[in-house]
file run-v3.txt (compact mmCIF, C-alpha atoms)
# COMPACT_ATOMS: atom_id res chain seq x y z
CA MET A 1 19.84 -8.02 22.36
CA SER A 2 17.93 -9.22 19.30
CA LYS A 3 18.89 -8.10 15.82
CA PRO A 4 16.66 -5.31 14.39
CA LEU A 5 14.15 -6.48 11.81
CA HIS A 6 15.16 -5.36 8.30
CA VAL A 7 11.99 -4.47 6.38
CA ALA A 8 11.95 -3.82 2.63
CA LEU A 9 8.99 -1.65 1.63
CA VAL A 10 8.38 -1.75 -2.13
CA SER A 11 6.37 1.11 -3.64
CA GLU A 12 7.05 1.32 -7.36
CA HIS A 13 5.25 4.59 -8.18
CA ALA A 14 4.56 6.16 -4.79
CA SER A 15 7.80 7.50 -3.37
CA PRO A 16 7.88 8.87 0.17
CA LEU A 17 9.96 11.73 -1.28
CA ALA A 18 7.34 12.82 -3.83
CA VAL A 19 5.50 16.14 -3.74
CA LEU A 20 1.87 15.35 -2.98
CA GLY A 21 -1.10 16.39 -5.09
CA GLY A 22 -0.14 15.12 -8.54
CA THR A 23 -2.23 12.62 -10.49
CA ASP A 24 -0.37 9.64 -9.00
CA ALA A 25 0.89 11.17 -5.74
CA GLY A 26 -1.48 10.98 -2.82
CA GLY A 27 -2.48 8.75 0.07
CA GLN A 28 -0.17 5.86 -0.79
CA ASN A 29 2.86 8.16 -0.68
CA VAL A 30 1.82 9.38 2.75
CA HIS A 31 1.13 5.85 3.94
CA VAL A 32 4.51 4.48 2.83
CA ALA A 33 6.39 7.48 4.21
CA GLU A 34 4.74 7.35 7.63
CA LEU A 35 4.84 3.56 7.89
CA ALA A 36 8.57 3.61 7.13
CA ARG A 37 9.20 6.38 9.64
CA HIS A 38 7.23 4.71 12.43
CA LEU A 39 8.55 1.21 11.81
CA ALA A 40 12.05 2.64 12.17
CA GLY A 41 10.94 4.44 15.32
CA LEU A 42 10.00 1.04 16.74
CA GLY A 43 13.50 -0.29 16.06
CA ALA A 44 13.22 -1.74 12.55
CA VAL A 45 15.69 -0.96 9.78
CA VAL A 46 13.71 0.09 6.72
CA THR A 47 14.57 0.38 3.03
CA VAL A 48 11.95 1.82 0.67
CA HIS A 49 12.40 0.70 -2.95
CA THR A 50 10.77 3.04 -5.47
CA ARG A 51 11.28 3.61 -9.20
CA ARG A 52 13.76 6.29 -10.26
CA ASP A 53 11.90 9.03 -12.18
CA ASP A 54 14.74 11.54 -12.38
CA PRO A 55 18.32 10.79 -13.54
CA ALA A 56 19.68 13.26 -10.98
CA LEU A 57 18.38 11.30 -8.00
CA PRO A 58 21.05 9.50 -5.95
CA SER A 59 20.77 5.73 -5.77
CA HIS A 60 20.18 5.89 -2.02
CA VAL A 61 18.72 8.80 -0.04
CA PRO A 62 18.39 8.94 3.77
CA PHE A 63 14.74 9.70 4.53
CA ALA A 64 14.50 9.49 8.32
CA PRO A 65 16.54 7.87 11.11
CA GLY A 66 16.66 4.19 10.21
CA VAL A 67 15.02 4.70 6.78
CA ASP A 68 16.78 4.64 3.42
CA VAL A 69 15.09 5.26 0.05
CA HIS A 70 16.51 3.21 -2.83
CA HIS A 71 15.81 4.50 -6.35
CA VAL A 72 15.40 1.50 -8.63
CA ASP A 73 16.44 1.81 -12.28
CA ALA A 74 13.47 0.34 -14.15
CA GLY A 75 12.39 1.99 -17.38
CA PRO A 76 13.24 5.57 -18.34
CA ALA A 77 14.35 7.84 -15.50
CA GLN A 78 11.45 10.24 -15.95
CA PRO A 79 7.93 10.67 -14.58
CA LEU A 80 5.49 8.21 -16.12
CA PRO A 81 1.81 7.57 -15.35
CA LYS A 82 1.57 4.56 -13.07
CA ASP A 83 -0.63 2.76 -15.60
CA GLU A 84 2.36 2.71 -17.98
CA LEU A 85 4.81 1.06 -15.57
CA LEU A 86 3.87 -2.61 -15.93
CA PRO A 87 6.39 -3.36 -18.74
CA PHE A 88 9.22 -2.34 -16.41
CA MET A 89 8.30 -4.53 -13.43
CA ARG A 90 10.46 -7.48 -14.53
CA GLU A 91 13.46 -5.12 -14.62
CA PHE A 92 12.38 -3.75 -11.24
CA ALA A 93 12.30 -7.30 -9.83
CA GLU A 94 15.78 -8.05 -11.21
CA VAL A 95 17.19 -4.98 -9.46
CA LEU A 96 15.51 -6.05 -6.21
CA VAL A 97 17.11 -9.50 -6.47
CA SER A 98 20.53 -7.95 -7.01
CA GLU A 99 20.04 -5.56 -4.10
CA TRP A 100 18.69 -8.20 -1.73
CA GLN A 101 21.47 -10.64 -2.49
CA THR A 102 23.88 -8.23 -0.77
CA GLN A 103 21.48 -6.48 1.63
CA ARG A 104 18.98 -9.21 2.43
CA PRO A 105 15.81 -8.03 4.22
CA ASP A 106 14.09 -10.20 6.81
CA VAL A 107 10.69 -9.50 5.28
CA VAL A 108 9.27 -7.69 2.24
CA HIS A 109 6.11 -5.54 2.35
CA SER A 110 4.89 -4.41 -1.08
CA HIS A 111 2.37 -1.65 -1.82
CA PHE A 112 0.07 -1.59 -4.87
CA TRP A 113 -0.32 -4.39 -7.40
CA MET A 114 2.72 -3.70 -9.59
CA SER A 115 4.99 -3.51 -6.56
CA GLY A 116 3.41 -6.80 -5.54
CA LEU A 117 4.29 -8.36 -8.90
CA ALA A 118 7.95 -7.31 -8.67
CA SER A 119 8.18 -8.26 -5.00
CA MET A 120 6.57 -11.67 -5.57
CA GLN A 121 9.18 -12.54 -8.19
CA ALA A 122 12.15 -11.21 -6.22
CA ALA A 123 11.09 -12.60 -2.86
CA ASP A 124 10.36 -15.99 -4.39
CA ALA A 125 13.79 -16.11 -6.05
CA LEU A 126 15.49 -15.57 -2.69
CA SER A 127 12.96 -17.31 -0.39
CA ILE A 128 12.19 -14.14 1.56
CA PRO A 129 8.79 -13.91 3.30
CA TRP A 130 6.52 -11.34 1.68
CA ALA A 131 3.45 -9.34 2.72
CA HIS A 132 1.32 -7.20 0.43
CA THR A 133 -1.07 -4.24 0.72
CA TYR A 134 -3.14 -3.42 -2.39
CA HIS A 135 -4.29 0.16 -1.62
CA ALA A 136 -6.90 -0.30 -4.38
CA LEU A 137 -8.36 -3.26 -6.24
CA GLY A 138 -8.75 -3.49 -9.99
CA THR A 139 -12.16 -5.17 -9.84
CA VAL A 140 -13.63 -2.35 -7.82
CA LYS A 141 -11.98 0.33 -9.93
CA ARG A 142 -13.33 -1.25 -13.12
CA ALA A 143 -16.82 -1.49 -11.63
CA GLN A 144 -16.76 2.17 -10.58
CA GLN A 145 -15.04 3.71 -13.60
CA GLY A 146 -16.07 1.44 -16.46
CA THR A 147 -14.57 2.66 -19.73
CA HIS A 148 -12.69 5.42 -17.85
CA ASP A 149 -10.51 2.80 -16.15
CA THR A 150 -7.03 3.09 -17.66
CA SER A 151 -5.52 0.14 -15.78
CA PRO A 152 -3.59 -2.43 -17.82
CA ARG A 153 -5.69 -5.46 -18.80
CA ASP A 154 -3.39 -7.73 -16.77
CA ARG A 155 -4.13 -5.93 -13.51
CA ILE A 156 -6.94 -8.11 -12.20
CA PRO A 157 -5.32 -11.48 -13.05
CA VAL A 158 -2.10 -10.30 -11.39
CA GLU A 159 -3.97 -9.10 -8.30
CA GLN A 160 -5.77 -12.43 -8.03
CA HIS A 161 -2.48 -14.31 -8.27
CA LEU A 162 -0.91 -12.08 -5.63
CA ALA A 163 -3.81 -12.95 -3.33
CA ARG A 164 -3.00 -16.64 -3.70
CA CYS A 165 0.79 -16.22 -3.47
CA ALA A 166 1.45 -13.71 -0.69
CA ASP A 167 2.52 -15.01 2.70
CA LEU A 168 0.34 -12.28 4.22
CA LEU A 169 -2.22 -9.81 2.86
CA ILE A 170 -2.73 -6.61 4.86
CA ALA A 171 -6.15 -5.12 4.09
CA THR A 172 -7.09 -1.63 5.24
CA SER A 173 -10.84 -2.24 5.72
CA SER A 174 -13.32 -5.04 6.34
CA GLU A 175 -14.72 -4.57 2.84
CA GLU A 176 -11.29 -5.07 1.32
CA SER A 177 -10.79 -8.21 3.42
CA ALA A 178 -13.96 -9.67 1.94
CA GLU A 179 -12.92 -8.67 -1.58
CA LEU A 180 -9.58 -10.43 -1.12
CA ARG A 181 -11.33 -13.62 -0.08
CA ASP A 182 -13.32 -13.31 -3.33
CA TYR A 183 -9.94 -13.13 -5.08
CA GLY A 184 -9.09 -16.55 -3.67
CA ALA A 185 -7.02 -15.48 -0.67
CA ALA A 186 -6.95 -17.93 2.22
CA PRO A 187 -8.74 -16.22 5.16
CA GLU A 188 -5.93 -17.08 7.57
CA ARG A 189 -3.50 -15.06 5.42
CA VAL A 190 -5.61 -11.89 5.49
CA VAL A 191 -5.30 -9.41 8.36
CA ARG A 192 -6.85 -5.96 8.68
CA VAL A 193 -4.75 -2.95 9.64
CA PRO A 194 -6.15 0.52 8.90
CA CYS A 195 -4.15 3.35 7.40
CA GLY A 196 -2.68 5.74 9.93
CA VAL A 197 -2.98 9.45 10.63
CA ASP A 198 -0.31 11.76 12.06
CA LEU A 199 -2.00 13.04 15.21
CA SER A 200 0.87 15.44 15.87
CA ILE A 201 -0.25 17.42 12.80
CA PHE A 202 -3.96 16.61 12.54
CA HIS A 203 -5.68 17.57 15.79
CA PRO A 204 -8.45 20.00 16.81
CA ASP A 205 -6.24 22.50 18.63
CA GLY A 206 -4.09 24.63 16.39
CA PRO A 207 -4.14 27.47 13.90
CA ALA A 208 -6.84 27.59 11.26
CA ALA A 209 -6.66 29.11 7.79
CA PRO A 210 -8.30 32.55 7.49
CA LEU A 211 -12.02 32.54 6.75
CA PRO A 212 -13.80 35.48 5.06
CA ARG A 213 -16.32 37.23 7.31
CA ALA A 214 -19.82 35.73 7.28
CA GLN A 215 -18.65 32.93 5.04
CA ARG A 216 -19.31 29.22 5.53
CA ARG A 217 -16.66 26.87 4.20
CA LEU A 218 -16.61 23.44 2.64
CA VAL A 219 -13.20 21.82 2.06
CA VAL A 220 -12.12 19.09 -0.35
CA VAL A 221 -8.57 17.69 -0.24
CA GLY A 222 -7.30 15.25 -2.83
CA ARG A 223 -5.86 14.57 -6.24
CA LEU A 224 -7.58 16.37 -9.09
CA VAL A 225 -9.03 13.30 -10.76
CA GLU A 226 -12.64 12.71 -11.72
CA ARG A 227 -13.24 9.70 -9.49
CA LYS A 228 -12.51 11.79 -6.38
CA GLY A 229 -15.94 13.39 -6.88
CA ILE A 230 -14.76 16.99 -6.82
CA GLY A 231 -17.09 17.81 -9.72
CA ASN A 232 -20.00 16.36 -7.74
CA VAL A 233 -19.24 18.65 -4.80
CA ILE A 234 -19.05 21.66 -7.13
CA GLU A 235 -22.48 20.70 -8.47
CA ALA A 236 -23.79 20.42 -4.91
CA LEU A 237 -22.41 23.89 -4.15
CA ALA A 238 -24.69 25.33 -6.83
CA ALA A 239 -27.69 24.21 -4.75
CA LEU A 240 -26.41 25.78 -1.51
CA PRO A 241 -26.75 29.39 -0.27
CA ALA A 242 -24.52 32.09 -1.71
CA ASP A 243 -22.52 32.47 1.55
CA VAL A 244 -21.11 28.94 1.22
CA GLU A 245 -17.67 28.61 -0.40
CA LEU A 246 -15.72 25.55 -1.52
CA VAL A 247 -11.95 25.38 -1.08
CA VAL A 248 -10.11 22.61 -2.95
CA ALA A 249 -6.55 21.62 -2.04
CA GLY A 250 -4.62 19.27 -4.31
CA GLY A 251 -3.02 19.06 -7.71
CA PRO A 252 0.13 20.91 -8.72
CA PRO A 253 1.51 23.91 -6.80
CA HIS A 254 -0.75 26.97 -6.99
CA GLY A 255 1.43 28.74 -9.53
CA LEU A 256 0.97 25.86 -12.00
CA LEU A 257 -2.81 25.53 -11.75
CA ASP A 258 -3.37 27.71 -14.83
CA ASP A 259 -1.55 25.10 -16.92
CA ASP A 260 -3.17 22.06 -15.31
CA PRO A 261 -5.96 20.55 -17.47
CA ALA A 262 -7.77 18.96 -14.54
CA ALA A 263 -7.79 22.15 -12.48
CA GLN A 264 -9.04 24.13 -15.44
CA TRP A 265 -11.78 21.59 -16.12
CA PHE A 266 -13.10 21.90 -12.57
CA LEU A 267 -12.96 25.71 -12.73
CA GLN A 268 -14.78 25.69 -16.06
CA HIS A 269 -17.38 23.38 -14.54
CA ALA A 270 -17.84 25.86 -11.69
CA THR A 271 -18.20 28.70 -14.19
CA GLU A 272 -20.88 26.83 -16.13
CA LEU A 273 -22.79 26.26 -12.88
CA GLY A 274 -22.50 29.92 -11.88
CA VAL A 275 -20.40 29.30 -8.75
CA ALA A 276 -16.89 30.13 -9.97
CA GLU A 277 -16.58 33.07 -7.56
CA ARG A 278 -17.33 30.68 -4.68
CA VAL A 279 -14.68 28.08 -5.57
CA GLN A 280 -11.04 28.46 -4.55
CA MET A 281 -8.36 26.10 -5.81
CA LEU A 282 -5.21 26.25 -3.71
CA GLY A 283 -3.07 23.62 -5.40
CA ALA A 284 -0.75 21.38 -3.41
CA LEU A 285 -0.32 22.17 0.29
CA ASP A 286 2.08 20.74 2.83
CA ARG A 287 0.59 18.65 5.66
CA GLN A 288 0.59 21.49 8.21
CA ARG A 289 -1.35 23.76 5.86
CA VAL A 290 -3.81 20.98 5.06
CA ALA A 291 -4.52 20.65 8.79
CA GLU A 292 -4.97 24.43 9.10
CA LEU A 293 -7.35 24.41 6.14
CA MET A 294 -9.38 21.55 7.63
CA ARG A 295 -9.67 23.32 10.98
CA SER A 296 -11.15 26.35 9.17
CA ALA A 297 -13.89 24.23 7.57
CA ASP A 298 -17.47 23.82 8.66
CA LEU A 299 -17.45 20.48 6.85
CA VAL A 300 -14.91 18.42 4.92
CA CYS A 301 -16.38 16.67 1.88
CA CYS A 302 -14.95 13.29 0.86
CA CYS A 303 -17.23 12.24 -2.00
CA PRO A 304 -15.26 9.92 -4.30
CA TRP A 305 -16.87 7.28 -6.47
CA TYR A 306 -14.68 4.72 -4.73
CA GLU A 307 -12.07 4.92 -1.97
CA PRO A 308 -10.17 1.91 -0.57
CA PHE A 309 -9.63 3.58 2.82
CA GLY A 310 -10.19 7.34 2.93
CA LEU A 311 -7.18 8.91 4.64
CA VAL A 312 -8.42 12.49 4.10
CA ALA A 313 -11.59 11.69 6.03
CA VAL A 314 -9.58 10.42 9.00
CA GLU A 315 -7.33 13.49 8.89
CA ALA A 316 -10.41 15.73 8.92
CA MET A 317 -11.93 13.79 11.82
CA ALA A 318 -8.66 14.12 13.72
CA CYS A 319 -8.99 17.90 13.29
CA GLY A 320 -12.42 17.72 14.94
CA VAL A 321 -14.33 18.45 11.72
CA PRO A 322 -17.38 16.41 10.64
CA VAL A 323 -17.16 14.69 7.28
CA VAL A 324 -19.68 14.32 4.47
CA ALA A 325 -18.56 11.05 2.87
CA THR A 326 -19.79 8.77 0.14
CA ARG A 327 -20.76 5.34 1.42
CA VAL A 328 -18.06 3.53 -0.55
CA GLY A 329 -15.02 1.40 0.24
CA GLY A 330 -13.25 2.22 3.47
CA LEU A 331 -15.19 5.46 3.94
CA ALA A 332 -18.28 3.44 4.86
CA GLU A 333 -16.27 2.15 7.81
CA THR A 334 -14.03 5.03 8.88
CA VAL A 335 -16.79 7.69 8.88
CA VAL A 336 -19.65 6.60 11.15
CA ASP A 337 -22.94 7.87 9.76
CA GLY A 338 -24.68 10.19 12.21
CA VAL A 339 -21.78 9.96 14.67
CA THR A 340 -18.67 11.48 13.05
CA GLY A 341 -20.31 12.76 9.88
CA VAL A 342 -22.93 11.71 7.35
CA HIS A 343 -22.97 9.25 4.47
CA VAL A 344 -24.22 10.06 0.98
CA PRO A 345 -24.45 7.90 -2.15
CA PRO A 346 -21.71 8.36 -4.78
CA ARG A 347 -22.22 10.52 -7.87
CA ARG A 348 -25.28 12.20 -6.37
CA PRO A 349 -24.75 15.99 -6.12
CA ASP A 350 -28.37 16.41 -5.01
CA ALA A 351 -27.82 14.05 -2.07
CA ILE A 352 -24.58 15.80 -1.16
CA ALA A 353 -26.34 19.19 -1.09
CA SER A 354 -29.24 17.76 0.92
CA ALA A 355 -26.80 16.41 3.53
CA ILE A 356 -24.73 19.58 3.73
CA ALA A 357 -27.53 22.16 4.02
CA PRO A 358 -28.99 21.10 7.40
CA LEU A 359 -25.53 20.60 8.89
CA LEU A 360 -24.46 24.12 7.93
CA ASP A 361 -27.55 25.44 9.71
CA ASP A 362 -26.96 23.42 12.88
CA GLU A 363 -23.75 24.50 14.60
CA PRO A 364 -24.40 22.49 17.81
CA ARG A 365 -24.79 19.29 15.79
CA ARG A 366 -21.61 20.00 13.83
CA ALA A 367 -19.73 20.57 17.08
CA HIS A 368 -21.07 17.30 18.50
CA LEU A 369 -20.09 15.37 15.37
CA GLY A 370 -16.67 17.03 15.40
CA ARG A 371 -15.98 15.98 19.00
CA ASN A 372 -16.99 12.42 18.19
CA ALA A 373 -14.80 12.51 15.09
CA ALA A 374 -11.70 13.60 17.00
CA ARG A 375 -12.19 10.80 19.53
CA ARG A 376 -12.66 8.18 16.83
CA ALA A 377 -9.59 9.35 14.91
CA GLU A 378 -7.36 8.52 17.88
CA ARG A 379 -7.64 4.82 17.05
CA PHE A 380 -5.94 5.51 13.70
CA GLY A 381 -2.80 7.10 15.18
CA TRP A 382 0.40 5.94 13.51
CA PRO A 383 2.15 4.53 16.61
CA GLY A 384 -0.55 1.89 17.05
CA VAL A 385 -0.95 1.19 13.32
CA ALA A 386 2.81 0.76 12.87
CA ALA A 387 3.13 -1.43 15.96
CA THR A 388 0.39 -3.75 14.71
CA THR A 389 1.98 -3.88 11.25
CA LEU A 390 5.39 -4.64 12.75
CA ASP A 391 3.93 -7.48 14.83
CA HIS A 392 2.52 -9.06 11.67
CA LEU A 393 5.80 -8.61 9.78
CA ARG A 394 7.79 -10.09 12.66
CA GLY A 395 5.47 -13.07 12.56
CA LEU A 396 6.50 -13.68 8.95
CA SER A 397 10.24 -13.34 9.50
CA GLY A 398 12.11 -16.58 9.05
CA ARG A 399 9.29 -18.57 7.48
CA ARG A 400 7.56 -18.87 4.13
CA SER A 401 4.14 -20.24 3.27
CA ASP A 402 3.48 -23.03 0.80
CA ILE A 403 2.47 -20.62 -1.94
CA THR A 404 1.40 -21.08 -5.53
CA PRO A 405 4.54 -21.36 -7.72
CA VAL A 406 5.55 -17.97 -9.04
CA ALA A 407 7.50 -19.39 -11.98
CA ALA A 408 4.37 -20.96 -13.45
CA PHE A 409 2.58 -17.63 -13.32
CA ALA A 410 5.49 -15.92 -15.10
CA ARG A 411 5.48 -18.55 -17.83
CA GLU A 412 1.72 -18.29 -18.34
CA THR A 413 1.56 -14.50 -18.48
CA GLY A 414 4.98 -13.40 -19.68
CA LEU A 415 5.09 -10.89 -16.81
call {"tool": "encode", "arguments": {"input": "run-v3.txt", "output": "structure tokens"}}
result
Amino acid sequence: MSKPLHVALVSEHASPLAVLGGTDAGGQNVHVAELARHLAGLGAVVTVHTRRDDPALPSHVPFAPGVDVHHVDAGPAQPLPKDELLPFMREFAEVLVSEWQTQRPDVVHSHFWMSGLASMQAADALSIPWAHTYHALGTVKRAQQGTHDTSPRDRIPVEQHLARCADLLIATSSEESAELRDYGAAPERVVRVPCGVDLSIFHPDGPAAPLPRAQRRLVVVGRLVERKGIGNVIEALAALPADVELVVAGGPPHGLLDDDPAAQWFLQHATELGVAERVQMLGALDRQRVAELMRSADLVCCCPWYEPFGLVAVEAMACGVPVVATRVGGLAETVVDGVTGVHVPPRRPDAIASAIAPLLDDEPRRAHLGRNAARRAERFGWPGVAATTLDHLRGLSGRRSDITPVAAFARETGL
């Protein structure tokens, strides 16, 4: 019987144990948690390395059968915005080296660019094969957000170096694969594996959240940040009939929304547009309640300015609900225009309203789109996504590519 593959997942800011909905807690947390769980279900032994943000956290926490979460001491043991974590990545890498010298993984899979930086240095020091998933690219974020982009100035050079150094790059969409080739990645080192959806939670048959009588419902699920386009959907709501409501899930727990600046900004925006009584903000919900909310919706709106993959859209499709999605990033691929939903341009509330209005008036078309959506979502189920990922990681085990020297990069940048 062959030895189980030991996989080290590195996710510096996105812990699988985190409460979802905060500024930096969203799809990546879900992805890492579910990937770890399903890799272990396929027989791998998985350790997730994430930064300690609370001094009370144990060093190691069992997460699921075969999965251990390791809290890495790097920087102050307190919550910090992810854009402030770069100075602590050398310390993070040093802890990984120490850990892996005694508990050596067969392969490393890092998530997000700063995890990639720490993993590159630690894996290189110990000659461990290393794969990387970006989850978002700095060049695209800068193009979409301009002066609102708070990423460290070193982000893009680091990402480009990771693309040249990694033994394997796992992209989540065809668009990202092309962007990585623009970064200088060798095509033979880039594979595409989509993000996964938990089809045991997100499916058409199941309870739905209560819906007021004679009310039509739009749903948005996501972090309360400007680039998610929530404000654009609120503006679109102002152009829709008075019986249409918008329910927003995300952010802190409901009891803390009054003290959350982002939530209050969106509510004030709704007030200024005269639709405050038609906007509900629920705060953070667990995954079961998100599925129930989606099943109660006539449409789920995923209208960010940019989205590397678009997990919420796939979850909505799995619930049999059509999606109104901006034609950006992975959403242009996961949501099929006219088949599982409709595409709209980003930052265009008028276009969002124009797409929503006829769909709300055409129940047979919504039902048809919803059935198509549920069928398409089946291809994103976690068992298949994890199995494909594991095949790629197994292919790396025991070998390393002839990569660009990491030491030279460290000398040049000081990182």
call {"tool": "residues_around", "arguments": {"input": "run-v3.txt", "residues": "Glu175 of chain A", "least_positions_apart": "3", "cutoff": "8 Å", "atoms": "all atoms listed in the file", "output": "short mmCIF file (atom, residue, chain, number, x, y, z; two decimals) with C-alpha atoms, in the coordinates of the input"}}
result
data_model
loop_
_atom_site.label_atom_id
_atom_site.label_comp_id
_atom_site.auth_asym_id
_atom_site.auth_seq_id
_atom_site.Cartn_x
_atom_site.Cartn_y
_atom_site.Cartn_z
CA ALA A 178 -13.96 -9.67 1.94
CA GLU A 179 -12.92 -8.67 -1.58
CA GLY A 329 -15.02 1.40 0.24
CA GLY A 330 -13.25 2.22 3.47
#
call {"tool": "residues_around", "arguments": {"input": "run-v3.txt", "residues": "segment 72-81 of chain A", "least_positions_apart": "4", "cutoff": "7 Å", "atoms": "all atoms listed in the file", "output": "PDB file with C-alpha atoms, keeping the file's coordinate frame"}}
result
ATOM      1  CA  HIS A  49      12.400   0.700  -2.950  1.00  0.00           C
ATOM      2  CA  THR A  50      10.770   3.040  -5.470  1.00  0.00           C
ATOM      3  CA  ARG A  51      11.280   3.610  -9.200  1.00  0.00           C
ATOM      4  CA  ARG A  52      13.760   6.290 -10.260  1.00  0.00           C
ATOM      5  CA  ASP A  53      11.900   9.030 -12.180  1.00  0.00           C
ATOM      6  CA  ASP A  54      14.740  11.540 -12.380  1.00  0.00           C
ATOM      7  CA  PRO A  55      18.320  10.790 -13.540  1.00  0.00           C
ATOM      8  CA  PHE A  88       9.220  -2.340 -16.410  1.00  0.00           C
ATOM      9  CA  GLU A  91      13.460  -5.120 -14.620  1.00  0.00           C
ATOM     10  CA  PHE A  92      12.380  -3.750 -11.240  1.00  0.00           C
ATOM     11  CA  VAL A  95      17.190  -4.980  -9.460  1.00  0.00           C
TER      12      VAL A  95
END
call {"tool": "atom_distance", "arguments": {"input": "run-v3.txt", "atom1": "atom CA of Val191 of chain A", "atom2": "atom CA of Leu39 of chain A"}}
result
17.8 Å
call {"tool": "closest_residue", "arguments": {"input": "run-v3.txt", "among": "A:Arg348, A:His203, A:Arg394, A:Arg164", "to": "Met317 of chain A", "atoms": "all atoms listed in the file"}}
result
A:His203
call {"tool": "residues_around", "arguments": {"input": "run-v3.txt", "residues": "Met281 of chain A", "least_positions_apart": "3", "cutoff": "9 Å", "atoms": "only C-alpha atoms", "output": "list in words"}}
result
Leu246, Val247, Val248, Ala249, Gly250, His254, Leu257, Ala263 and Leu267 of chain A
call {"tool": "axis_aligned_box", "arguments": {"input": "run-v3.txt", "around": "segment 357-374 of chain A", "padding_each_side": "3 Å", "output": "lines of an AutoDock Vina configuration file"}}
result
center_x = -20.3
center_y = 18.9
center_z = 11.5
size_x = 23.3
size_y = 19.0
size_z = 21.0
call {"tool": "closest_residue", "arguments": {"input": "run-v3.txt", "among": "A:Ile201, A:Leu117, A:Val324, A:Leu211", "to": "Arg366 of chain A", "atoms": "all atoms listed in the file"}}
result
A:Val324
call {"tool": "closest_residue", "arguments": {"input": "run-v3.txt", "among": "A:Val300, A:Thr102, A:Ala171, A:Asp198", "to": "Leu35 of chain A", "atoms": "all atoms listed in the file"}}
result
A:Asp198
call {"tool": "closest_residue", "arguments": {"input": "run-v3.txt", "among": "A:Val107, A:Pro16, A:Val69, A:Gly283", "to": "Asp124 of chain A", "atoms": "all atoms listed in the file"}}
result
A:Val107
call {"tool": "atom_distance", "arguments": {"input": "run-v3.txt", "atom1": "atom CA of Pro157 of chain A", "atom2": "atom CA of Trp113 of chain A"}}
result
10.4 Å
call {"tool": "residues_around", "arguments": {"input": "run-v3.txt", "residues": "His111 of chain A", "least_positions_apart": "6", "cutoff": "7 Å", "atoms": "all atoms listed in the file", "output": "VMD selection string"}}
result
chain A and resid 10 to 11 132 to 135
call {"tool": "write_last_selection", "arguments": {"input": "run-v3.txt", "atoms": "C-alpha atoms", "output": "PDB file, in the coordinates of the input"}}
result
ATOM      1  CA  VAL A  10       8.380  -1.750  -2.130  1.00  0.00           C
ATOM      2  CA  SER A  11       6.370   1.110  -3.640  1.00  0.00           C
ATOM      3  CA  HIS A 132       1.320  -7.200   0.430  1.00  0.00           C
ATOM      4  CA  THR A 133      -1.070  -4.240   0.720  1.00  0.00           C
ATOM      5  CA  TYR A 134      -3.140  -3.420  -2.390  1.00  0.00           C
ATOM      6  CA  HIS A 135      -4.290   0.160  -1.620  1.00  0.00           C
TER       7      HIS A 135
END
call {"tool": "residues_around", "arguments": {"input": "run-v3.txt", "residues": "Arg365 of chain A", "least_positions_apart": "2", "cutoff": "12 Å", "atoms": "all atoms listed in the file", "output": "PyMOL selection string"}}
result
chain A and resi 298-299+321-322+338-342+358-363+367-372
call {"tool": "atom_distance", "arguments": {"input": "run-v3.txt", "atom1": "atom CA of Val328 of chain A", "atom2": "atom CA of Ala297 of chain A"}}
result
22.6 Å
call {"tool": "closest_residue", "arguments": {"input": "run-v3.txt", "among": "A:Asp182, A:Asp391, A:Glu315, A:Asp260", "to": "Leu137 of chain A", "atoms": "all atoms listed in the file"}}
result
A:Asp182
call {"tool": "closest_residue", "arguments": {"input": "run-v3.txt", "among": "A:Val244, A:Val290, A:Val314, A:Val193", "to": "Pro212 of chain A", "atoms": "all atoms listed in the file"}}
result
A:Val244
call {"tool": "residues_near_point", "arguments": {"input": "run-v3.txt", "point": "(-12.7, 19.1, -14.2)", "cutoff": "9 Å", "atoms": "all atoms listed in the file", "output": "PyMOL selection string"}}
result
chain A and resi 224-226+230-231+261-270
call {"tool": "decode", "arguments": {"input": "run-v3.txt", "residues": "segment 381-388 of chain A", "atoms": "N, CA and C atoms", "output": "mmCIF file, in the first residue's frame"}}
result
data_model
loop_
_atom_site.group_PDB
_atom_site.id
_atom_site.type_symbol
_atom_site.label_atom_id
_atom_site.label_comp_id
_atom_site.auth_asym_id
_atom_site.auth_seq_id
_atom_site.Cartn_x
_atom_site.Cartn_y
_atom_site.Cartn_z
ATOM 1 N N GLY A 381 -18.547 20.414 -8.855
ATOM 2 C CA GLY A 381 -18.617 19.723 -7.567
ATOM 3 C C GLY A 381 -17.220 19.438 -7.012
ATOM 4 N N TRP A 382 -17.091 19.550 -5.688
ATOM 5 C CA TRP A 382 -15.777 19.410 -5.071
ATOM 6 C C TRP A 382 -15.117 18.048 -5.272
ATOM 7 N N PRO A 383 -15.831 16.932 -5.290
ATOM 8 C CA PRO A 383 -15.112 15.660 -5.484
ATOM 9 C C PRO A 383 -14.280 15.643 -6.758
ATOM 10 N N GLY A 384 -14.844 16.126 -7.870
ATOM 11 C CA GLY A 384 -14.096 16.147 -9.121
ATOM 12 C C GLY A 384 -12.976 17.171 -9.119
ATOM 13 N N VAL A 385 -13.251 18.363 -8.566
ATOM 14 C CA VAL A 385 -12.232 19.418 -8.508
ATOM 15 C C VAL A 385 -11.047 18.962 -7.655
ATOM 16 N N ALA A 386 -11.338 18.364 -6.504
ATOM 17 C CA ALA A 386 -10.259 17.909 -5.618
ATOM 18 C C ALA A 386 -9.477 16.761 -6.248
ATOM 19 N N ALA A 387 -10.171 15.854 -6.926
ATOM 20 C CA ALA A 387 -9.478 14.728 -7.557
ATOM 21 C C ALA A 387 -8.525 15.211 -8.645
ATOM 22 N N THR A 388 -8.971 16.186 -9.432
ATOM 23 C CA THR A 388 -8.097 16.736 -10.470
ATOM 24 C C THR A 388 -6.894 17.437 -9.846
#
